[in-house]
Every structure is written in C-alpha cells, then in structure tokens.
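First the structure, in the form of structure tokens, and then the observations on it.
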Amino acid sequence: RQQKWKSSVSIQAKMPPCDFVPEIYKSYPYERMQKIREQNISPSLRLYYKKPLLLHQGHMQWLFDYEGKRYLDLFAGIVTVSVGHCHPKVTMATQKQLARLWHTTNIYMHPSIQEYAEKLTSLLPDPLKVVYLTNSGSEANDLAMFMARLYTRNFDIICFRGAYHGGSPYTLGLTSIGLYKHGVANGFGCSTTMLPDVFRGPWGGSHCRDSPVQTVRKCSCSEGVCQAKDQYIEQFKDTLNTSVPKTIAGFIAEPIQGVNGAVQYPRNFLKEAYQLVRERGGVCISDEVQTGFGRTGSHFWGFQTHDVVPDIVTLAKGIGNGFPMAAVVTTKEIASSLAQNLHFNTFGGSPLACVVGAAVLDAIEEDGLQKNSEDVGTYMLLELAKLRDKFEIVGDVRGKGLMIGVEMVTDKDSRQPLPAEEIGQIWEDCKDMGVLIGRGGLYGQTFRIKPPMCITKKDVDFAVEVFRTALQRHAERAA
C-alpha cells in the first residue's frame with residue numbers, strides 16, 4: 001500500500017545551476033559496493049538512508065553520486081567541510097605539500113607546524129596561545145580532560161546531558177546521549193548536569209536565546225531578567241553541591257550542542273557557570289569542534305558568543321575541511337602540566353595537516369565565510385521559522401549562523417518527538433529531491449542543517465522549498 005501512495009504535491013523547487021562537471025564513475029557497481037560493505041566494513045559504521053548513497057565527487061556545496069546525480073550538501077560530512085568540498089585553494093596547497101614532505105613526527109621541526117601554530121593562536125584571545133595538534137575531536141577532548149586533571153590535580157569533570165564530546169573510552173563519560181553508550185565501564189569521574197534547553201527543558205521563554213529565532217514558549221520576564229537562566233543555574237549549583245567533591249577538575253560544554261540538534265542555552269548561563277566552576281578550582285573547556293571557525297557568523301569562536309574566555313579550547317572537524325586533524329589550545333601554565341612526562345602523538349601536526357589547516361584559515365578569510373555564515377544563516381533561520389509557523393509538526397527552529405536545528409514534534413503543545421518513521425519519510429523525501437540534511441537529538445527528532453559555509457541564498461531558497469514540499473507530503477499522508 002505504501003508504494004502506491006502518490007502525492008498531489010509537486011516539486012516547485014529548482015536546483016540552482018552549477019557549471020562543475022563531475023568525472024565519470026569507474027569503480028565497482030553499486031551492488032558490489034554494498035556487498036563489500038556488509039562483509040568487510042564494521043557494522044558499527046551505520047549508513048544513512050534506506051538506499052545508501054554512493055558518493056563519487058564533491059565541489060564546494062555540491063556532492064555527486066556514482067550516477068552523476070547532484071545533491072546540495074547541508075550536512076557537510078557532519079559539520080566538517082567548512083570552506084567547501086575540494087576547495088581549490090586548499091587542494092592546491094595540499095598538492096604542493098604532498099610532493100614536498102608528508103611526515104616527520106614532532107621530534108624535528110618543519111616549517112608548517114610553526115607557521116600554523118602562529119596563525120591559529122593569533123585568532124584566539126590571550127592567554128590561549130599554546131597548541132597541541134591531534135587527529136580527531138575525540139582525541140582533542142580526551143587530551144583536554146587529561147590536561148584539566150593534571151593541571152588542577154583534581155579528578156571530577158562536569159558536562160551537560162545531551163552533550164557529545166567523542167567516542168573514546170575516556171570521552172564517553174562526557175558524551176551524554178544513550179545511543180553512544182556501550183555497556184562497559186567508562187566515564188569514571190564524569191558527572192552530568194541538567195541541560196539548559198529552553199525548548200524541551202522545564203524552563204524557557206521567548207527571549208532566552210542568542211538566535212534570530214526564539215521558541216514559541218511564552219515569557220513573563222522583565223527587561224534584563226531571565227528566570228529560565230536562573231532556574232538552570234540553580235540546577236548547576238545543585239550538581240556542584242551533591243555530585244562532585246568540593247574541588248573539581250573542570251567543566252566542558254559546546255557553545256551550541258551539535259549532535260543533540262543545535263541546542264542553545266539561555267544568554268549568560270555559561271558566564272555564570274564558568275564562574276562557579278572556577279570558584280571550585282576547575283578549568284573551563286569549550287568544545288568548538290562544531291561551532292568554531294566562523295560557523296556561528298557573529299564571531300569566529302562559539303565561546304565569544306557567550307562573552308567568556310575558556311581555559312582550554314578543543315577544535316576539530318572544520319579545522320581541516322575534511323582532512324583528519326584537530327587541536328587543543330590552552331594557556332602556557334596548563335600546557336606545561338603535560339610536559340612533566342612524555343605525551344606523544346605520531347601524526348598530530350604533520351607537515352600535511354598544518355598546510356591544510358593554514359589554507360583553510362586563508363580560505364575562510366579570503367572568501368568572507370564568517371560573514372556569509374551570518375548572512376545566509378540568518379536568512380535561512382528566518383525562512384525556516386515561516387515553516388514552523390505554518391506546520392504543527394515543526395516545533396522549534398533554532399541556531400546561529402550556519403549551525404541550525406529544526407526540531408520535529410507531534411504537536412507544539414506537548415512537544416512530544418515526532419515518531420522516527422515519520423521523520424524518516426520527510427528526510428528521505430528531501431534526499432530524493434536533492435537535499436542532504438543530518439539528524440540528531442536524543443530521539444533522532446531534530447534535523448541538523450550545518451552546510452559548507454560557502455552556500456548561497458539561492459541554495460537556501462531551493463532547500464527551504466524542498467523541505468516545505470516534504471512537509472506538505474507528510475501532511476497529506478497523515479490526512
């Protein structure tokens with residue numbers, strides 16, 4: 001019966017033109033690829049979509065599959081392709097370095113690590129001037145935890161429920177999404193605290209967020225007062241008074257939660273939380289794996305949107321536009337606590353990675369991508385908000401710059417998550433019409449929109465029209 005259902009909703013959206021011509025695909029047929037996947041690749045690496053995509057080539061905001069079909073990429077390899085797929089400047093710099101020197105390890109100097117360290121740290125405020133380069137965000141957060149404990153000589157670290165900070169056994173203690181938890185001992189010394197989620201949490205109103213789009217929840221606060229923020233801070237104090245010793249190693253938070261679906265906290269929450277943590281002897285860690293490098297638009301780093309300066313910052317994903325690299329940036333004092341003994345990373349800060357990282361920073365500046373994130377992101381948020389006002393199942397639209405979440409509900413009053421099957425159909429419809437988006441949230445109920453930062457308003461018009469069509473089809477199916 002499902003197969004025979006035909007929608008009366010036609011696609012109005014026309015994909016913006018693209019003059020890039022992909023190469024002809026010459027590898028194994030789709031069926032053979034699928035077979036190898038089943039037999040030789042770990043089943044823990046799950047694929048998106050009922051008929052998984054076999055992608056072949058990328059160009060800026062576009063992806064091409066093995067048959068040459070073009071897709072607008074609104075997920076950027078999970079918020080990783082920052083400046084665009086195969087960005088010519090980054091590609092050229094990488095090719096040059098490939099022919100010069102790949103690898104030395106850190107037992108010798110090579111030009112690009114010093115050049116990159118200087119370039120990267122010049123973009124961070126004092127005293128965040130010392131960098132340790134790694135290969136992934138999990139590694140970076142792992143090391144940040146280690147540094148916090150070594151430096152403070154304390155052990156306990158606090159994180160938010162709904163946080164994602166990595167999948168290594170150490171960072172799994174900070175990752176507070178049940179889907180990622182495995183039934184083995186992990187997370188010793190990690191305590192979760194209530195997530196100050198102004199849409200789904202117990203408190204929240206229509207002025208809480210640093211976003212062009214606020215929640216539909218009513219707000220009775222007077223000017224300059226945020227009751228939701230005060231209530232969530234009380235919960236944070238409660239965690240400090242009940243779950244941890246009187247001195248702690250630190251607190252880690254993403255400026256906007258990523259995997260949990262672009263969840264934002266009330267303004268000034270982090271500022272007060274940082275103060276409370278420092279009173280207990282802890283350091284404050286900002287996980288910028290998804291929010292860094294201009295993605296939030298108004299600022300280069302997510303923590304700047306909260307008017308705080310952390311003690312440790314972790315970077316990954318967009319740092320290398322898809323190249324495996326990551327970093328921990330901290331103060332001289334905290335960094336020196338790691339130097340008491342050896343701590344070594346074979347591939348971290350390789351000649352190749354540092355050249356890629358430097359080229360990405362150049363591309364962000366030269367292409368004006370932070371400004372583009374702000375302009376195009378704000379435009380998209382406001383367009384999506386119109387869909388929220390029109391469709392009962394679009395519960396919340398939120399975010400900043402090109403870090404956007406659209407939370408789907410059965411109805412706005414109950415805020416119950418829309419069933420997975422229904423979300424899946426909308427998601428598949430968007431893909432079939434040429435738009436790739438991510439999924440997140442504790443129940444997989446939130447669409448994650450975090451494209452390469454080079455997308456245009458024309459791309460947004462197309463994407464929003466596709467999403468609207470998918471929502472109308474859902475409404476018809478429900479009727």
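Naming scheme: A, B, ... for chains in displayed order of the structure tokens; residues 1 onward per chain; ligands 1 onward as shown.
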>> List the spatial neighbours of region 330-337 of chain A as an MDAnalysis selection string - criterion: any atom at most 6 Å away, only C-alpha atoms, same-chain residues fewer than 5 positions off excluded.
In response: chainID A and resid 127:130 151 311:312
Selection near Pro196 (chain A), 9 Å with only C-alpha atoms, sequence-local residues under 4 positions removed, as a short mmCIF file (atom, residue, chain, number, x, y, z; two decimals) with N, CA, C and O atoms, in the first residue's frame:
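Wrote it out as around-v5.cif, contents follow:
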data_model
loop_
_atom_site.label_atom_id
_atom_site.label_comp_id
_atom_site.auth_asym_id
_atom_site.auth_seq_id
_atom_site.Cartn_x
_atom_site.Cartn_y
_atom_site.Cartn_z
N PHE A 160 27.16 18.58 30.26
CA PHE A 160 25.70 18.64 30.10
C PHE A 160 25.13 17.31 29.63
O PHE A 160 25.75 16.62 28.82
N ARG A 200 12.96 22.22 25.16
CA ARG A 200 12.48 20.94 25.69
C ARG A 200 12.57 20.85 27.21
O ARG A 200 11.91 20.04 27.84
N GLY A 201 13.41 21.68 27.82
CA GLY A 201 13.60 21.62 29.27
C GLY A 201 12.43 22.20 30.04
O GLY A 201 11.48 22.74 29.45
N PRO A 202 12.47 22.10 31.37
CA PRO A 202 11.34 22.59 32.18
C PRO A 202 11.14 24.11 32.11
O PRO A 202 10.04 24.59 32.33
N TRP A 203 12.22 24.87 31.82
CA TRP A 203 12.09 26.33 31.78
C TRP A 203 12.57 26.87 30.45
O TRP A 203 13.49 26.33 29.84
N GLY A 204 11.94 27.93 30.03
CA GLY A 204 12.35 28.57 28.78
C GLY A 204 11.28 29.53 28.31
O GLY A 204 10.09 29.31 28.56
N ALA A 228 14.48 31.59 33.36
CA ALA A 228 14.93 30.27 32.92
C ALA A 228 16.41 30.09 33.23
O ALA A 228 16.82 29.07 33.79
N LYS A 229 17.20 31.11 32.90
CA LYS A 229 18.64 31.05 33.18
C LYS A 229 18.89 30.85 34.68
O LYS A 229 19.70 30.01 35.08
N GLN A 231 16.91 29.53 36.94
CA GLN A 231 16.49 28.17 37.35
C GLN A 231 17.54 27.14 36.96
O GLN A 231 17.86 26.24 37.74
N TYR A 232 18.06 27.24 35.73
CA TYR A 232 19.08 26.28 35.28
C TYR A 232 20.39 26.43 36.06
O TYR A 232 21.07 25.44 36.33
N ILE A 233 20.73 27.67 36.44
CA ILE A 233 21.92 27.89 37.27
C ILE A 233 21.74 27.23 38.64
O ILE A 233 22.67 26.64 39.20
N VAL A 263 21.19 22.67 20.13
CA VAL A 263 20.54 23.16 21.35
C VAL A 263 21.32 24.35 21.89
O VAL A 263 22.54 24.31 22.03
N GLN A 264 20.58 25.43 22.19
CA GLN A 264 21.19 26.65 22.74
C GLN A 264 20.74 26.89 24.17
O GLN A 264 19.62 26.55 24.55
N TYR A 265 21.62 27.50 24.95
CA TYR A 265 21.33 27.79 26.35
C TYR A 265 20.85 29.23 26.49
O TYR A 265 21.07 30.05 25.61
N PRO A 266 20.25 29.56 27.64
CA PRO A 266 19.86 30.96 27.85
C PRO A 266 21.11 31.85 27.87
O PRO A 266 22.17 31.42 28.32
N PHE A 269 24.08 32.13 30.70
CA PHE A 269 24.19 30.91 31.51
C PHE A 269 25.65 30.48 31.63
O PHE A 269 26.15 30.22 32.73
#
> Skipping near chain neighbours, those fewer than 2 positions away, what residues fall within 9 Å of region 68-85 of chain A using only C-alpha atoms, listed as a VMD selection string?
Replying inline: chain A and resid 15 21 to 25 56 to 66 87 to 88 90 258 289 to 291 293 295 316 to 323 360 363 to 364 367 369 403 431 433 to 438 448 to 455 459 463
>> Give me the residues near region 34-49 of chain A as a VMD selection string, where near means some atom within 10 Å (using only C-alpha atoms) and where sequence neighbours in that chain fewer than 2 positions away do not count.
In response: chain A and resid 28 to 32 51 to 54 424 to 425 427 to 428 431 438 to 439
> Can you tell me, as a PyMOL selection string, what residues are no more than 9 Å from Leu387 (chain A) when counting only C-alpha atoms, ignoring any on the same chain fewer than 5 positions away?
Replying inline: chain A and resi 394+464+467-468+471
Grab the residues selected above and save them as a PDB file, in the first residue's frame with N, CA and C atoms.
ATOM      1  N   VAL A 394       6.485  21.166  13.054  1.00  0.00           N
ATOM      2  CA  VAL A 394       7.783  21.844  13.216  1.00  0.00           C
ATOM      3  C   VAL A 394       7.730  22.591  14.556  1.00  0.00           C
ATOM      4  N   VAL A 464      14.780  25.232   1.310  1.00  0.00           N
ATOM      5  CA  VAL A 464      13.566  25.501   2.103  1.00  0.00           C
ATOM      6  C   VAL A 464      12.326  25.056   1.324  1.00  0.00           C
ATOM      7  N   PHE A 467      12.135  21.321   1.585  1.00  0.00           N
ATOM      8  CA  PHE A 467      11.682  20.949   2.922  1.00  0.00           C
ATOM      9  C   PHE A 467      10.176  21.183   3.059  1.00  0.00           C
ATOM     10  N   ARG A 468       9.709  22.321   2.527  1.00  0.00           N
ATOM     11  CA  ARG A 468       8.270  22.624   2.569  1.00  0.00           C
ATOM     12  C   ARG A 468       7.463  21.565   1.822  1.00  0.00           C
ATOM     13  N   LEU A 471       7.251  18.474   3.885  1.00  0.00           N
ATOM     14  CA  LEU A 471       6.308  18.656   4.996  1.00  0.00           C
ATOM     15  C   LEU A 471       4.854  18.560   4.510  1.00  0.00           C
TER      16      LEU A 471
END
>> To one decimal place in Å, what is the distance between CA of Leu315 (chain A) and CA of Thr239 (chain A)?
In response: 27.1 Å
Excluding Glu288 (chain A) and its own-chain neighbours fewer than 5 positions away, which residues fall within 8 Å of it when counting only C-alpha atoms? Please give them as a PDB file with N, CA, C and O atoms, in the first residue's frame.
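Written file, selection.pdb:
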ATOM      1  N   GLU A 254      29.802  22.497  24.794  1.00  0.00           N
ATOM      2  CA  GLU A 254      29.789  23.048  23.441  1.00  0.00           C
ATOM      3  C   GLU A 254      29.037  24.381  23.518  1.00  0.00           C
ATOM      4  O   GLU A 254      28.008  24.456  24.193  1.00  0.00           O
ATOM      5  N   PRO A 255      29.495  25.430  22.836  1.00  0.00           N
ATOM      6  CA  PRO A 255      28.759  26.700  22.857  1.00  0.00           C
ATOM      7  C   PRO A 255      27.322  26.554  22.334  1.00  0.00           C
ATOM      8  O   PRO A 255      26.404  27.214  22.816  1.00  0.00           O
ATOM      9  N   TRP A 301      34.719  32.231  17.079  1.00  0.00           N
ATOM     10  CA  TRP A 301      34.617  31.091  18.004  1.00  0.00           C
ATOM     11  C   TRP A 301      33.273  31.136  18.733  1.00  0.00           C
ATOM     12  O   TRP A 301      32.808  32.215  19.115  1.00  0.00           O
ATOM     13  N   GLY A 302      32.707  29.991  18.984  1.00  0.00           N
ATOM     14  CA  GLY A 302      31.418  29.910  19.664  1.00  0.00           C
ATOM     15  C   GLY A 302      31.441  30.503  21.062  1.00  0.00           C
ATOM     16  O   GLY A 302      30.475  31.123  21.497  1.00  0.00           O
ATOM     17  N   PHE A 303      32.561  30.338  21.786  1.00  0.00           N
ATOM     18  CA  PHE A 303      32.600  30.838  23.170  1.00  0.00           C
ATOM     19  C   PHE A 303      32.462  32.362  23.207  1.00  0.00           C
ATOM     20  O   PHE A 303      31.957  32.923  24.172  1.00  0.00           O
ATOM     21  N   VAL A 313      40.476  25.146  24.825  1.00  0.00           N
ATOM     22  CA  VAL A 313      39.561  25.106  23.686  1.00  0.00           C
ATOM     23  C   VAL A 313      39.927  23.891  22.841  1.00  0.00           C
ATOM     24  O   VAL A 313      41.114  23.645  22.578  1.00  0.00           O
ATOM     25  N   THR A 314      38.923  23.116  22.431  1.00  0.00           N
ATOM     26  CA  THR A 314      39.197  21.980  21.547  1.00  0.00           C
ATOM     27  C   THR A 314      38.600  22.247  20.171  1.00  0.00           C
ATOM     28  O   THR A 314      37.496  22.761  20.050  1.00  0.00           O
ATOM     29  N   LEU A 315      39.361  21.903  19.146  1.00  0.00           N
ATOM     30  CA  LEU A 315      38.984  22.177  17.759  1.00  0.00           C
ATOM     31  C   LEU A 315      39.131  20.920  16.925  1.00  0.00           C
ATOM     32  O   LEU A 315      40.040  20.129  17.139  1.00  0.00           O
ATOM     33  N   ALA A 316      38.236  20.724  15.967  1.00  0.00           N
ATOM     34  CA  ALA A 316      38.376  19.614  15.016  1.00  0.00           C
ATOM     35  C   ALA A 316      37.447  19.896  13.840  1.00  0.00           C
ATOM     36  O   ALA A 316      37.156  21.051  13.551  1.00  0.00           O
TER      37      ALA A 316
END
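Inside region 207-305 of chain A, the residues DSSP reads as strand (DSSP E) when given the backbone are Gly250, Phe251, Ile252, Ala253, Val283, Cys284, Ile285, Ser286 and Asp287 of chain A.
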Got time to write the residues from that selection, all heavy atoms, as a PDB file, in the first residue's frame?
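Saved file result_19.pdb follows:
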ATOM      1  N   GLY A 250      37.136  20.287  36.219  1.00  0.00           N
ATOM      2  CA  GLY A 250      36.643  21.208  35.201  1.00  0.00           C
ATOM      3  C   GLY A 250      35.229  20.956  34.736  1.00  0.00           C
ATOM      4  O   GLY A 250      34.507  20.094  35.255  1.00  0.00           O
ATOM      5  N   PHE A 251      34.866  21.745  33.747  1.00  0.00           N
ATOM      6  CA  PHE A 251      33.534  21.713  33.144  1.00  0.00           C
ATOM      7  C   PHE A 251      33.730  21.877  31.637  1.00  0.00           C
ATOM      8  O   PHE A 251      34.502  22.721  31.192  1.00  0.00           O
ATOM      9  CB  PHE A 251      32.701  22.865  33.729  1.00  0.00           C
ATOM     10  CG  PHE A 251      31.464  23.236  32.943  1.00  0.00           C
ATOM     11  CD1 PHE A 251      30.453  22.302  32.717  1.00  0.00           C
ATOM     12  CD2 PHE A 251      31.300  24.525  32.445  1.00  0.00           C
ATOM     13  CE1 PHE A 251      29.308  22.659  32.005  1.00  0.00           C
ATOM     14  CE2 PHE A 251      30.155  24.890  31.741  1.00  0.00           C
ATOM     15  CZ  PHE A 251      29.158  23.950  31.519  1.00  0.00           C
ATOM     16  N   ILE A 252      33.046  21.026  30.863  1.00  0.00           N
ATOM     17  CA  ILE A 252      33.151  21.120  29.402  1.00  0.00           C
ATOM     18  C   ILE A 252      31.767  21.350  28.803  1.00  0.00           C
ATOM     19  O   ILE A 252      30.780  20.762  29.260  1.00  0.00           O
ATOM     20  CB  ILE A 252      33.799  19.841  28.800  1.00  0.00           C
ATOM     21  CG1 ILE A 252      34.034  20.008  27.288  1.00  0.00           C
ATOM     22  CG2 ILE A 252      32.965  18.586  29.089  1.00  0.00           C
ATOM     23  CD1 ILE A 252      34.925  18.932  26.669  1.00  0.00           C
ATOM     24  N   ALA A 253      31.689  22.229  27.808  1.00  0.00           N
ATOM     25  CA  ALA A 253      30.419  22.454  27.114  1.00  0.00           C
ATOM     26  C   ALA A 253      30.687  22.903  25.684  1.00  0.00           C
ATOM     27  O   ALA A 253      31.678  23.592  25.411  1.00  0.00           O
ATOM     28  CB  ALA A 253      29.592  23.510  27.837  1.00  0.00           C
ATOM     29  N   VAL A 283      38.841  24.071  35.687  1.00  0.00           N
ATOM     30  CA  VAL A 283      39.066  24.830  34.451  1.00  0.00           C
ATOM     31  C   VAL A 283      37.843  24.680  33.545  1.00  0.00           C
ATOM     32  O   VAL A 283      37.075  23.724  33.665  1.00  0.00           O
ATOM     33  CB  VAL A 283      40.348  24.367  33.701  1.00  0.00           C
ATOM     34  CG1 VAL A 283      41.586  24.606  34.553  1.00  0.00           C
ATOM     35  CG2 VAL A 283      40.261  22.903  33.274  1.00  0.00           C
ATOM     36  N   CYS A 284      37.680  25.644  32.645  1.00  0.00           N
ATOM     37  CA  CYS A 284      36.529  25.642  31.741  1.00  0.00           C
ATOM     38  C   CYS A 284      36.985  25.292  30.335  1.00  0.00           C
ATOM     39  O   CYS A 284      37.907  25.926  29.801  1.00  0.00           O
ATOM     40  CB  CYS A 284      35.847  27.005  31.759  1.00  0.00           C
ATOM     41  SG  CYS A 284      35.230  27.428  33.404  1.00  0.00           S
ATOM     42  N   ILE A 285      36.352  24.260  29.766  1.00  0.00           N
ATOM     43  CA  ILE A 285      36.722  23.768  28.432  1.00  0.00           C
ATOM     44  C   ILE A 285      35.592  24.080  27.461  1.00  0.00           C
ATOM     45  O   ILE A 285      34.439  23.740  27.708  1.00  0.00           O
ATOM     46  CB  ILE A 285      36.967  22.240  28.456  1.00  0.00           C
ATOM     47  CG1 ILE A 285      37.999  21.856  29.533  1.00  0.00           C
ATOM     48  CG2 ILE A 285      37.406  21.738  27.071  1.00  0.00           C
ATOM     49  CD1 ILE A 285      38.075  20.354  29.824  1.00  0.00           C
ATOM     50  N   SER A 286      35.935  24.732  26.346  1.00  0.00           N
ATOM     51  CA  SER A 286      34.944  24.987  25.294  1.00  0.00           C
ATOM     52  C   SER A 286      35.212  24.041  24.134  1.00  0.00           C
ATOM     53  O   SER A 286      36.287  24.079  23.523  1.00  0.00           O
ATOM     54  CB  SER A 286      35.023  26.438  24.819  1.00  0.00           C
ATOM     55  OG  SER A 286      34.001  26.679  23.867  1.00  0.00           O
ATOM     56  N   ASP A 287      34.247  23.185  23.851  1.00  0.00           N
ATOM     57  CA  ASP A 287      34.346  22.247  22.736  1.00  0.00           C
ATOM     58  C   ASP A 287      33.846  22.967  21.482  1.00  0.00           C
ATOM     59  O   ASP A 287      32.650  23.114  21.271  1.00  0.00           O
ATOM     60  CB  ASP A 287      33.500  21.008  23.048  1.00  0.00           C
ATOM     61  CG  ASP A 287      33.472  19.990  21.903  1.00  0.00           C
ATOM     62  OD1 ASP A 287      33.700  20.390  20.737  1.00  0.00           O
ATOM     63  OD2 ASP A 287      33.207  18.800  22.159  1.00  0.00           O
TER      64      ASP A 287
END
> What's the 8 Å shell around region 115-123 of chain A, counting only C-alpha atoms, without same-chain residues fewer than 6 positions away, as a ChimeraX atom specification?
Replying inline: /A:129-131,329,354-355,357-358,361
> Taking the backbone alone, and naming residues the way the document does, which bits of region 256-453 of chain A are helix (DSSP H, G or I) by DSSP, as a PyMOL selection string?
Replying inline: chain A and resi 269-279+302-306+317-319+332-340+351-366+369-390+420-432
